[in-house]
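Everything below belongs to upload_37.tsv, which stores TSV, C-alpha atoms.
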```tsv
chain	number	residue	atom	x	y	z
A	1	MET	CA	-16.06	23.38	-2.59
A	2	ARG	CA	-17.01	19.85	-1.50
A	3	ARG	CA	-18.41	19.13	-4.95
A	4	ILE	CA	-15.14	20.25	-6.55
A	5	LYS	CA	-13.15	17.98	-4.21
A	6	ARG	CA	-15.40	15.01	-5.08
A	7	VAL	CA	-14.88	15.64	-8.78
A	8	LEU	CA	-11.10	15.88	-8.34
A	9	HIS	CA	-11.02	12.68	-6.29
A	10	THR	CA	-13.06	10.90	-8.98
A	11	LEU	CA	-10.68	12.10	-11.69
A	12	ASN	CA	-7.66	10.96	-9.65
A	13	ARG	CA	-9.18	7.51	-9.12
A	14	PHE	CA	-9.90	7.24	-12.84
A	15	ARG	CA	-6.38	8.30	-13.84
A	16	HIS	CA	-4.57	6.18	-11.25
A	17	GLY	CA	-6.80	3.21	-12.02
A	18	ARG	CA	-5.52	3.24	-15.59
A	19	GLY	CA	-1.90	3.95	-14.72
A	20	PHE	CA	-1.92	7.63	-15.71
A	21	GLY	CA	0.27	9.79	-13.51
A	22	VAL	CA	1.75	6.73	-11.76
A	23	HIS	CA	5.54	6.98	-12.02
A	24	SER	CA	6.50	4.09	-9.75
A	25	PRO	CA	7.09	0.87	-11.75
A	26	PHE	CA	5.83	-1.19	-8.80
A	27	ALA	CA	2.63	0.85	-8.41
A	28	PHE	CA	1.97	0.87	-12.16
A	29	ASN	CA	2.37	-2.91	-12.37
A	30	PHE	CA	0.37	-3.55	-9.18
A	31	ILE	CA	-2.57	-1.42	-10.31
A	32	LEU	CA	-2.78	-2.79	-13.85
A	33	LYS	CA	-1.59	-6.39	-13.37
A	34	THR	CA	-3.09	-7.18	-9.95
A	35	LEU	CA	-5.85	-4.81	-8.89
A	36	ARG	CA	-7.35	-4.30	-12.35
A	37	GLU	CA	-6.22	-7.45	-14.15
A	38	ARG	CA	-8.86	-8.64	-16.61
A	39	THR	CA	-7.41	-12.03	-17.56
A	40	PRO	CA	-9.55	-14.83	-16.05
A	41	TYR	CA	-7.95	-17.15	-13.49
A	42	TYR	CA	-8.62	-20.84	-12.98
A	43	ALA	CA	-10.13	-20.28	-9.52
A	44	TYR	CA	-12.81	-17.76	-10.52
A	45	PRO	CA	-15.62	-20.33	-11.06
A	46	ALA	CA	-14.88	-21.86	-7.63
A	47	LEU	CA	-15.00	-18.41	-6.00
A	48	ASP	CA	-18.32	-17.59	-7.66
A	49	SER	CA	-19.74	-20.93	-6.56
A	50	LEU	CA	-18.54	-20.33	-2.98
A	51	ARG	CA	-20.22	-16.93	-2.88
A	52	ARG	CA	-23.53	-18.32	-4.19
A	53	SER	CA	-23.41	-21.13	-1.62
A	54	ILE	CA	-22.84	-18.76	1.31
A	55	LYS	CA	-25.54	-16.39	0.13
A	56	HIS	CA	-28.02	-19.26	-0.19
A	57	ASP	CA	-27.15	-21.24	2.96
A	58	CYS	CA	-26.70	-18.34	5.35
A	59	ARG	CA	-29.00	-15.81	3.71
A	60	ALA	CA	-26.00	-13.57	4.24
A	61	ARG	CA	-26.18	-9.87	3.54
A	62	HIS	CA	-23.40	-7.51	2.55
A	63	LEU	CA	-21.15	-10.22	1.18
A	64	MET	CA	-17.99	-9.16	-0.60
A	65	SER	CA	-18.81	-8.72	-4.28
A	66	GLY	CA	-17.63	-11.31	-6.76
A	67	LYS	CA	-15.41	-8.64	-8.32
A	68	HIS	CA	-13.68	-7.95	-5.01
A	69	MET	CA	-13.34	-11.66	-4.20
A	70	ARG	CA	-11.48	-12.10	-7.47
A	71	MET	CA	-9.30	-9.08	-6.72
A	72	LEU	CA	-8.47	-10.44	-3.25
A	73	PHE	CA	-7.51	-13.73	-4.89
A	74	ARG	CA	-5.15	-11.90	-7.26
A	75	ILE	CA	-3.54	-9.98	-4.38
A	76	VAL	CA	-2.90	-13.18	-2.42
A	77	ASN	CA	-1.66	-14.86	-5.58
A	78	ARG	CA	0.68	-11.90	-6.23
A	79	PHE	CA	2.40	-12.04	-2.83
A	80	ASN	CA	1.95	-15.79	-2.19
A	81	PRO	CA	2.17	-15.66	1.63
A	82	GLY	CA	2.82	-18.87	3.51
A	83	SER	CA	0.52	-17.74	6.32
A	84	ILE	CA	-2.23	-15.14	6.63
A	85	LEU	CA	-3.56	-13.44	9.76
A	86	MET	CA	-7.17	-12.30	9.73
A	87	LEU	CA	-8.26	-9.87	12.45
A	88	GLY	CA	-12.03	-9.99	12.72
A	89	SER	CA	-14.08	-12.11	10.34
A	90	LEU	CA	-16.45	-11.82	7.42
A	91	GLN	CA	-19.04	-14.46	6.51
A	92	GLY	CA	-16.73	-16.97	4.87
A	93	GLU	CA	-16.55	-15.54	1.36
A	94	GLU	CA	-12.94	-14.48	2.01
A	95	LEU	CA	-11.71	-18.03	2.59
A	96	GLY	CA	-11.73	-18.96	-1.08
A	97	PRO	CA	-9.62	-16.00	-2.21
A	98	LEU	CA	-7.21	-16.55	0.68
A	99	LEU	CA	-6.76	-20.31	0.35
A	100	GLU	CA	-7.26	-21.13	-3.33
A	101	PRO	CA	-4.03	-19.56	-4.68
A	102	ASP	CA	-1.77	-22.05	-2.85
A	103	SER	CA	-2.75	-25.31	-1.17
A	104	ASN	CA	-0.01	-24.81	1.44
A	105	THR	CA	-1.23	-21.44	2.73
A	106	LEU	CA	-2.47	-21.36	6.34
A	107	VAL	CA	-4.95	-18.82	7.76
A	108	SER	CA	-5.29	-17.77	11.39
A	109	VAL	CA	-8.67	-16.15	12.10
A	110	CYS	CA	-8.73	-14.10	15.29
A	111	ALA	CA	-12.27	-13.04	16.06
A	112	PRO	CA	-14.41	-12.99	19.23
A	113	VAL	CA	-17.32	-14.23	17.09
A	114	CYS	CA	-16.81	-16.40	14.02
A	115	GLU	CA	-19.85	-17.83	12.21
A	116	TYR	CA	-18.42	-19.89	9.37
A	117	THR	CA	-20.76	-22.55	8.07
A	118	PRO	CA	-19.99	-26.27	8.63
A	119	GLN	CA	-19.50	-26.68	4.86
A	120	LEU	CA	-16.76	-24.04	4.84
A	121	LEU	CA	-15.03	-25.47	7.88
A	122	GLU	CA	-15.17	-28.96	6.40
A	123	LYS	CA	-13.59	-27.81	3.15
A	124	TYR	CA	-10.82	-25.71	4.66
A	125	SER	CA	-10.59	-27.03	8.24
A	126	GLU	CA	-7.04	-28.35	7.91
A	127	ARG	CA	-5.74	-24.93	6.92
A	128	ILE	CA	-7.72	-22.66	9.27
A	129	ASP	CA	-6.94	-21.93	12.90
A	130	ILE	CA	-9.80	-20.05	14.58
A	131	LYS	CA	-9.07	-18.18	17.82
A	132	ALA	CA	-11.52	-16.25	19.98
A	133	SER	CA	-9.02	-13.52	20.93
A	134	PHE	CA	-6.59	-11.23	19.19
A	135	PRO	CA	-2.81	-11.84	19.39
A	136	GLN	CA	-0.46	-9.80	21.55
A	137	GLU	CA	1.69	-8.95	18.54
A	138	ILE	CA	1.30	-9.16	14.77
A	139	GLU	CA	3.95	-11.51	13.43
A	140	SER	CA	2.40	-12.37	10.08
A	141	GLU	CA	3.49	-10.46	6.99
A	142	PHE	CA	0.05	-10.68	5.34
A	143	VAL	CA	-2.92	-9.33	7.31
A	144	ILE	CA	-6.63	-9.16	6.47
A	145	ILE	CA	-8.89	-6.78	8.38
A	146	GLY	CA	-12.39	-8.23	8.69
A	147	MET	CA	-15.42	-6.79	10.41
A	148	ILE	CA	-14.52	-5.68	13.93
A	149	ASP	CA	-16.87	-4.54	16.69
A	150	ASP	CA	-16.26	-1.05	18.06
A	151	CYS	CA	-15.28	-2.48	21.43
A	152	PHE	CA	-12.31	-4.28	19.84
A	153	LEU	CA	-11.38	-1.57	17.36
A	154	LEU	CA	-8.89	0.18	19.65
A	155	GLN	CA	-7.15	-3.12	20.35
A	156	VAL	CA	-6.70	-3.82	16.64
A	157	GLU	CA	-5.64	-0.23	16.01
A	158	ASP	CA	-2.96	-0.56	18.69
A	159	LEU	CA	-1.71	-3.86	17.21
A	160	LEU	CA	-1.37	-2.35	13.75
A	161	ARG	CA	0.27	0.83	15.02
A	162	ARG	CA	2.92	-1.02	17.02
A	163	ARG	CA	3.66	-3.25	14.03
A	164	LEU	CA	3.86	-0.37	11.55
A	165	LEU	CA	6.04	1.79	13.81
A	166	SER	CA	8.42	-1.02	14.76
A	167	LEU	CA	11.97	-0.88	13.42
A	168	ASP	CA	12.48	-4.58	12.73
A	169	GLY	CA	12.60	-3.99	8.97
A	170	HIS	CA	9.99	-6.64	8.13
A	171	ASP	CA	7.64	-5.89	5.25
A	172	MET	CA	3.93	-6.61	5.30
A	173	VAL	CA	0.72	-6.34	3.31
A	174	ILE	CA	-2.55	-5.21	4.93
A	175	VAL	CA	-5.83	-5.70	3.08
A	176	PHE	CA	-9.19	-4.15	3.95
A	177	PRO	CA	-11.72	-6.15	1.86
A	178	HIS	CA	-14.68	-4.24	3.35
A	179	MET	CA	-14.70	-0.45	3.86
A	180	ARG	CA	-18.36	-0.42	4.73
A	181	THR	CA	-18.34	1.20	8.19
A	182	ASN	CA	-17.00	4.49	9.46
A	183	ALA	CA	-14.98	2.61	12.07
A	184	ILE	CA	-13.16	0.55	9.44
A	185	ARG	CA	-12.54	3.65	7.32
A	186	ARG	CA	-11.10	5.39	10.36
A	187	LEU	CA	-8.84	2.42	11.02
A	188	TRP	CA	-7.63	2.57	7.41
A	189	LYS	CA	-6.86	6.28	7.83
A	190	GLU	CA	-4.78	5.45	10.92
A	191	VAL	CA	-2.85	2.80	8.97
A	192	ARG	CA	-2.02	5.31	6.24
A	193	THR	CA	-0.89	7.81	8.87
A	194	ASP	CA	1.35	5.29	10.65
A	195	MET	CA	2.96	3.90	7.50
A	196	GLN	CA	6.54	5.09	7.29
A	197	THR	CA	7.34	3.43	3.97
A	198	GLY	CA	5.31	1.73	1.26
A	199	MET	CA	2.27	2.44	-0.83
A	200	ALA	CA	-1.46	2.60	-0.14
A	201	PHE	CA	-4.01	1.76	-2.85
A	202	TYR	CA	-7.62	2.43	-2.03
A	203	ASN	CA	-11.16	3.37	-2.81
A	204	GLU	CA	-12.49	4.69	0.50
A	205	LYS	CA	-15.95	3.18	-0.01
A	206	SER	CA	-15.02	-0.37	-0.94
A	207	PHE	CA	-11.49	-1.81	-0.74
A	208	ALA	CA	-7.98	-0.88	0.38
A	209	VAL	CA	-4.48	-2.37	0.29
A	210	ALA	CA	-1.33	-1.22	2.07
A	211	VAL	CA	1.95	-2.60	0.72
A	212	VAL	CA	4.39	-1.77	3.52
A	213	HIS	CA	7.86	-2.28	2.07
A	214	HIS	CA	11.05	-0.59	3.24
A	215	ARG	CA	12.26	-0.15	-0.36
A	216	LEU	CA	9.10	1.59	-1.55
A	217	PRO	CA	8.64	5.36	-1.15
A	218	ARG	CA	5.65	6.50	0.88
A	219	GLN	CA	2.85	7.20	-1.61
A	220	ASP	CA	-0.95	7.01	-1.76
A	221	PHE	CA	-3.01	6.09	-4.82
A	222	ARG	CA	-6.77	6.51	-5.07
A	223	VAL	CA	-7.98	3.97	-7.61
A	224	SER	CA	-11.28	2.70	-8.90
A	225	LEU	CA	-11.53	-0.85	-7.56
```
Rewrite the coordinates I just gave you, this time as structure tokens.
Amino acid sequence: MRRIKRVLHTLNRFRHGRGFGVHSPFAFNFILKTLRERTPYYAYPALDSLRRSIKHDCRARHLMSGKHMRMLFRIVNRFNPGSILMLGSLQGEELGPLLEPDSNTLVSVCAPVCEYTPQLLEKYSERIDIKASFPQEIESEFVIIGMIDDCFLLQVEDLLRRRLLSLDGHDMVIVFPHMRTNAIRRLWKEVRTDMQTGMAFYNEKSFAVAVVHHRLPRQDFRVSL
């Protein structure tokens, strides 16, 4: 039975990833023109160079893949947020995709421990605000979920739930660039459960995006990312 379910999930990801069976114009366009876009962008060489630099200087492990860095860039470029809130942190590879699309974008990084290299901070320092604690409320309309310790997971889960269940009518986008741990996957499941409107696009082992929009019907799409 489990094998059959895995095969069905794989088939669904394959079909959705190519637009088959997707009847929503927004979802169809988002999957093919943002998540799976093959046209090269001007910033791709800079993103690849950033990733190589971090891997060399920090001897970092488990960096976001170049493919996913480019996809994160396209997502940010698609929605063009003026400000981005990052809960938790990665190892710096996310800064390029977040900040390269628009030179006016600002990023707030809320993480008890943040280990960005001096080179990264020097390059992006004017547009990054690093805080050692999480906010009381989520006000940003574009949120990135980084790596979060288990001791802070409930706090982040509560922040997201209150924001998703609020009735203020504000839309938001939530991106999970790393789905590496069971805790992060559980948090993503909670987000999907709490979403009242909007669409979730995800591959449970790598990457997930929630587009919470009051004009979009509540739908989930498993896609190959």
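Ranking A:Arg51, A:Arg215, A:Arg185, A:Arg163 by their shortest atom-to-atom distance to A:Ile138, with all atoms listed in the file included, puts A:Arg163 first.
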Exercise for review: Give me, please, the distance in Å between atom CA of A:Val173 and atom CA of A:Val156, quoted to one decimal.
Suggested key: 15.5 Å
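Going from atom CA of A:Lys123 to atom CA of A:Ile144 covers 20.2 Å.
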Review point. In Å, with one decimal, what is the gap from atom CA of A:Ile145 to atom CA of A:Leu90?
Key: 9.1 Å
A:Glu37 surroundings by all atoms listed in the file, 10 Å radius, close-in-sequence under 6 positions cut, as a PDB file with C-alpha atoms, in the frame of the given file:
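Final file, around-v5.pdb:
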```
ATOM      1  CA  ASN A  29       2.370  -2.910 -12.370  1.00  0.00           C
ATOM      2  CA  PHE A  30       0.370  -3.550  -9.180  1.00  0.00           C
ATOM      3  CA  ILE A  31      -2.570  -1.420 -10.310  1.00  0.00           C
ATOM      4  CA  ARG A  70     -11.480 -12.100  -7.470  1.00  0.00           C
ATOM      5  CA  MET A  71      -9.300  -9.080  -6.720  1.00  0.00           C
ATOM      6  CA  ARG A  74      -5.150 -11.900  -7.260  1.00  0.00           C
TER       7      ARG A  74
END
```
Contacts of A:Asp194 at 8 Å or less, counting only C-alpha atoms, minus same-chain residues fewer than 4 places along, as a compact mmCIF listing (two decimals) with C-alpha atoms, in the coordinates of the input?
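Heads up, here's the output in around_12.txt:
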```txt
# COMPACT_ATOMS: atom_id res chain seq x y z
CA ARG A 161 0.27 0.83 15.02
CA LEU A 164 3.86 -0.37 11.55
CA LEU A 165 6.04 1.79 13.81
CA GLU A 190 -4.78 5.45 10.92
```
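The list of residues with at least one atom within 12 Å of A:Lys33, based on only C-alpha atoms and without residues fewer than 4 positions apart in the same chain, reads Gly17, Arg18, Gly19, Pro25, Phe26, Ala27, Phe28, Asn29, Glu37, Arg38, Thr39, Pro40, Met71, Arg74, Ile75, Asn77 and Arg78 of chain A.
Between A:Lys67 and the residues A:Pro118, A:Pro97, A:Gly146, A:Pro217, the shortest atom-to-atom distance, using only C-alpha atoms, involves A:Pro97.
For the residues A:Glu94, A:Val143, A:Met179, A:Val191, ranking by smallest atom-to-atom distance to A:Asp158 using only C-alpha atoms places A:Val191 first.
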Practice item. Please provide as a PyMOL selection string all residues within 10 Å of stretch 103-105 of chain A, with the sequence filter that same-chain residues fewer than 6 positions apart are discarded (counting all atoms listed in the file). Key: chain A and resi 76+80-84+124+127-128
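Minimum distance to A:Val223 across A:Leu32, A:Ile130, A:Leu72, A:Ile54 (counting all atoms listed in the file) occurs at A:Leu32.
Residue nearest A:Asp48, chosen from A:Gln91, A:Ser133, A:Ser206, A:Ser65 and counting all atoms listed in the file: A:Ser65.
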Check your understanding: Neighbours of A:Gly198 within 10 Å (all atoms listed in the file; same-chain residues fewer than 4 positions away dropped), as a ChimeraX atom specification?
Key -> /A:171-173,192,210-220
Exercise for review: Return the single residue from A:Leu187, A:Leu63, A:Leu35, A:Cys114 that is closest to A:Lys131, with distances computed using all atoms listed in the file.
Suggested key: A:Cys114
Reconstruct all heavy atoms of stretch 143-154 of chain A from the incomplete input and present them as a PDB file, in the frame of the given file.
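Listed below is the output, part_28.pdb:
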```pdb
ATOM      1  N   VAL A 143      -1.837  -9.518   6.334  1.00  0.00           N
ATOM      2  CA  VAL A 143      -2.920  -9.330   7.310  1.00  0.00           C
ATOM      3  C   VAL A 143      -4.202  -8.896   6.593  1.00  0.00           C
ATOM      4  O   VAL A 143      -4.183  -8.025   5.724  1.00  0.00           O
ATOM      5  CB  VAL A 143      -2.534  -8.255   8.350  1.00  0.00           C
ATOM      6  CG1 VAL A 143      -3.680  -8.040   9.346  1.00  0.00           C
ATOM      7  CG2 VAL A 143      -1.258  -8.656   9.075  1.00  0.00           C
ATOM      8  N   ILE A 144      -5.313  -9.531   6.967  1.00  0.00           N
ATOM      9  CA  ILE A 144      -6.630  -9.160   6.470  1.00  0.00           C
ATOM     10  C   ILE A 144      -7.425  -8.543   7.618  1.00  0.00           C
ATOM     11  O   ILE A 144      -7.445  -9.090   8.728  1.00  0.00           O
ATOM     12  CB  ILE A 144      -7.404 -10.396   5.943  1.00  0.00           C
ATOM     13  CG1 ILE A 144      -6.591 -11.145   4.890  1.00  0.00           C
ATOM     14  CG2 ILE A 144      -8.761  -9.969   5.389  1.00  0.00           C
ATOM     15  CD1 ILE A 144      -6.392 -10.426   3.604  1.00  0.00           C
ATOM     16  N   ILE A 145      -8.054  -7.416   7.364  1.00  0.00           N
ATOM     17  CA  ILE A 145      -8.890  -6.780   8.380  1.00  0.00           C
ATOM     18  C   ILE A 145     -10.355  -7.077   8.051  1.00  0.00           C
ATOM     19  O   ILE A 145     -10.905  -6.588   7.054  1.00  0.00           O
ATOM     20  CB  ILE A 145      -8.670  -5.255   8.422  1.00  0.00           C
ATOM     21  CG1 ILE A 145      -7.187  -4.937   8.652  1.00  0.00           C
ATOM     22  CG2 ILE A 145      -9.533  -4.627   9.518  1.00  0.00           C
ATOM     23  CD1 ILE A 145      -6.631  -5.464   9.959  1.00  0.00           C
ATOM     24  N   GLY A 146     -10.978  -7.906   8.878  1.00  0.00           N
ATOM     25  CA  GLY A 146     -12.390  -8.230   8.690  1.00  0.00           C
ATOM     26  C   GLY A 146     -13.274  -7.241   9.410  1.00  0.00           C
ATOM     27  O   GLY A 146     -12.869  -6.125   9.735  1.00  0.00           O
ATOM     28  N   MET A 147     -14.494  -7.649   9.680  1.00  0.00           N
ATOM     29  CA  MET A 147     -15.420  -6.790  10.410  1.00  0.00           C
ATOM     30  C   MET A 147     -15.100  -6.887  11.903  1.00  0.00           C
ATOM     31  O   MET A 147     -15.012  -7.990  12.460  1.00  0.00           O
ATOM     32  CB  MET A 147     -16.863  -7.201  10.147  1.00  0.00           C
ATOM     33  CG  MET A 147     -17.259  -7.060   8.677  1.00  0.00           C
ATOM     34  SD  MET A 147     -16.931  -5.412   7.994  1.00  0.00           S
ATOM     35  CE  MET A 147     -18.031  -4.403   8.985  1.00  0.00           C
ATOM     36  N   ILE A 148     -14.925  -5.742  12.533  1.00  0.00           N
ATOM     37  CA  ILE A 148     -14.520  -5.680  13.930  1.00  0.00           C
ATOM     38  C   ILE A 148     -15.504  -4.813  14.701  1.00  0.00           C
ATOM     39  O   ILE A 148     -15.834  -3.697  14.277  1.00  0.00           O
ATOM     40  CB  ILE A 148     -13.101  -5.084  14.067  1.00  0.00           C
ATOM     41  CG1 ILE A 148     -12.097  -5.921  13.257  1.00  0.00           C
ATOM     42  CG2 ILE A 148     -12.671  -4.998  15.517  1.00  0.00           C
ATOM     43  CD1 ILE A 148     -10.758  -5.262  13.096  1.00  0.00           C
ATOM     44  N   ASP A 149     -15.985  -5.324  15.843  1.00  0.00           N
ATOM     45  CA  ASP A 149     -16.870  -4.540  16.690  1.00  0.00           C
ATOM     46  C   ASP A 149     -16.130  -3.334  17.262  1.00  0.00           C
ATOM     47  O   ASP A 149     -14.915  -3.372  17.474  1.00  0.00           O
ATOM     48  CB  ASP A 149     -17.404  -5.392  17.848  1.00  0.00           C
ATOM     49  CG  ASP A 149     -18.351  -6.478  17.370  1.00  0.00           C
ATOM     50  OD1 ASP A 149     -18.889  -6.332  16.263  1.00  0.00           O
ATOM     51  OD2 ASP A 149     -18.522  -7.477  18.095  1.00  0.00           O
ATOM     52  N   ASP A 150     -16.875  -2.274  17.542  1.00  0.00           N
ATOM     53  CA  ASP A 150     -16.260  -1.050  18.060  1.00  0.00           C
ATOM     54  C   ASP A 150     -15.477  -1.298  19.343  1.00  0.00           C
ATOM     55  O   ASP A 150     -14.455  -0.656  19.588  1.00  0.00           O
ATOM     56  CB  ASP A 150     -17.342   0.002  18.316  1.00  0.00           C
ATOM     57  CG  ASP A 150     -17.924   0.552  17.016  1.00  0.00           C
ATOM     58  OD1 ASP A 150     -17.307   0.317  15.953  1.00  0.00           O
ATOM     59  OD2 ASP A 150     -18.982   1.201  17.064  1.00  0.00           O
ATOM     60  N   CYS A 151     -15.941  -2.245  20.153  1.00  0.00           N
ATOM     61  CA  CYS A 151     -15.280  -2.480  21.430  1.00  0.00           C
ATOM     62  C   CYS A 151     -13.881  -3.094  21.251  1.00  0.00           C
ATOM     63  O   CYS A 151     -13.052  -3.038  22.160  1.00  0.00           O
ATOM     64  CB  CYS A 151     -16.132  -3.366  22.343  1.00  0.00           C
ATOM     65  SG  CYS A 151     -16.596  -4.945  21.623  1.00  0.00           S
ATOM     66  N   PHE A 152     -13.625  -3.699  20.097  1.00  0.00           N
ATOM     67  CA  PHE A 152     -12.310  -4.280  19.840  1.00  0.00           C
ATOM     68  C   PHE A 152     -11.479  -3.445  18.873  1.00  0.00           C
ATOM     69  O   PHE A 152     -10.332  -3.788  18.599  1.00  0.00           O
ATOM     70  CB  PHE A 152     -12.467  -5.692  19.262  1.00  0.00           C
ATOM     71  CG  PHE A 152     -13.154  -6.658  20.186  1.00  0.00           C
ATOM     72  CD1 PHE A 152     -14.468  -7.031  19.970  1.00  0.00           C
ATOM     73  CD2 PHE A 152     -12.490  -7.178  21.285  1.00  0.00           C
ATOM     74  CE1 PHE A 152     -15.106  -7.916  20.826  1.00  0.00           C
ATOM     75  CE2 PHE A 152     -13.117  -8.060  22.141  1.00  0.00           C
ATOM     76  CZ  PHE A 152     -14.429  -8.441  21.916  1.00  0.00           C
ATOM     77  N   LEU A 153     -12.059  -2.361  18.377  1.00  0.00           N
ATOM     78  CA  LEU A 153     -11.380  -1.570  17.360  1.00  0.00           C
ATOM     79  C   LEU A 153     -10.084  -0.957  17.871  1.00  0.00           C
ATOM     80  O   LEU A 153      -9.053  -0.968  17.182  1.00  0.00           O
ATOM     81  CB  LEU A 153     -12.315  -0.469  16.855  1.00  0.00           C
ATOM     82  CG  LEU A 153     -11.919   0.186  15.539  1.00  0.00           C
ATOM     83  CD1 LEU A 153     -11.968  -0.821  14.400  1.00  0.00           C
ATOM     84  CD2 LEU A 153     -12.831   1.366  15.239  1.00  0.00           C
ATOM     85  N   LEU A 154     -10.092  -0.433  19.087  1.00  0.00           N
ATOM     86  CA  LEU A 154      -8.890   0.180  19.650  1.00  0.00           C
ATOM     87  C   LEU A 154      -7.773  -0.845  19.824  1.00  0.00           C
ATOM     88  O   LEU A 154      -6.592  -0.532  19.640  1.00  0.00           O
ATOM     89  CB  LEU A 154      -9.208   0.859  20.983  1.00  0.00           C
ATOM     90  CG  LEU A 154     -10.068   2.122  20.900  1.00  0.00           C
ATOM     91  CD1 LEU A 154     -10.356   2.646  22.303  1.00  0.00           C
ATOM     92  CD2 LEU A 154      -9.370   3.192  20.075  1.00  0.00           C
TER      93      LEU A 154
END
```
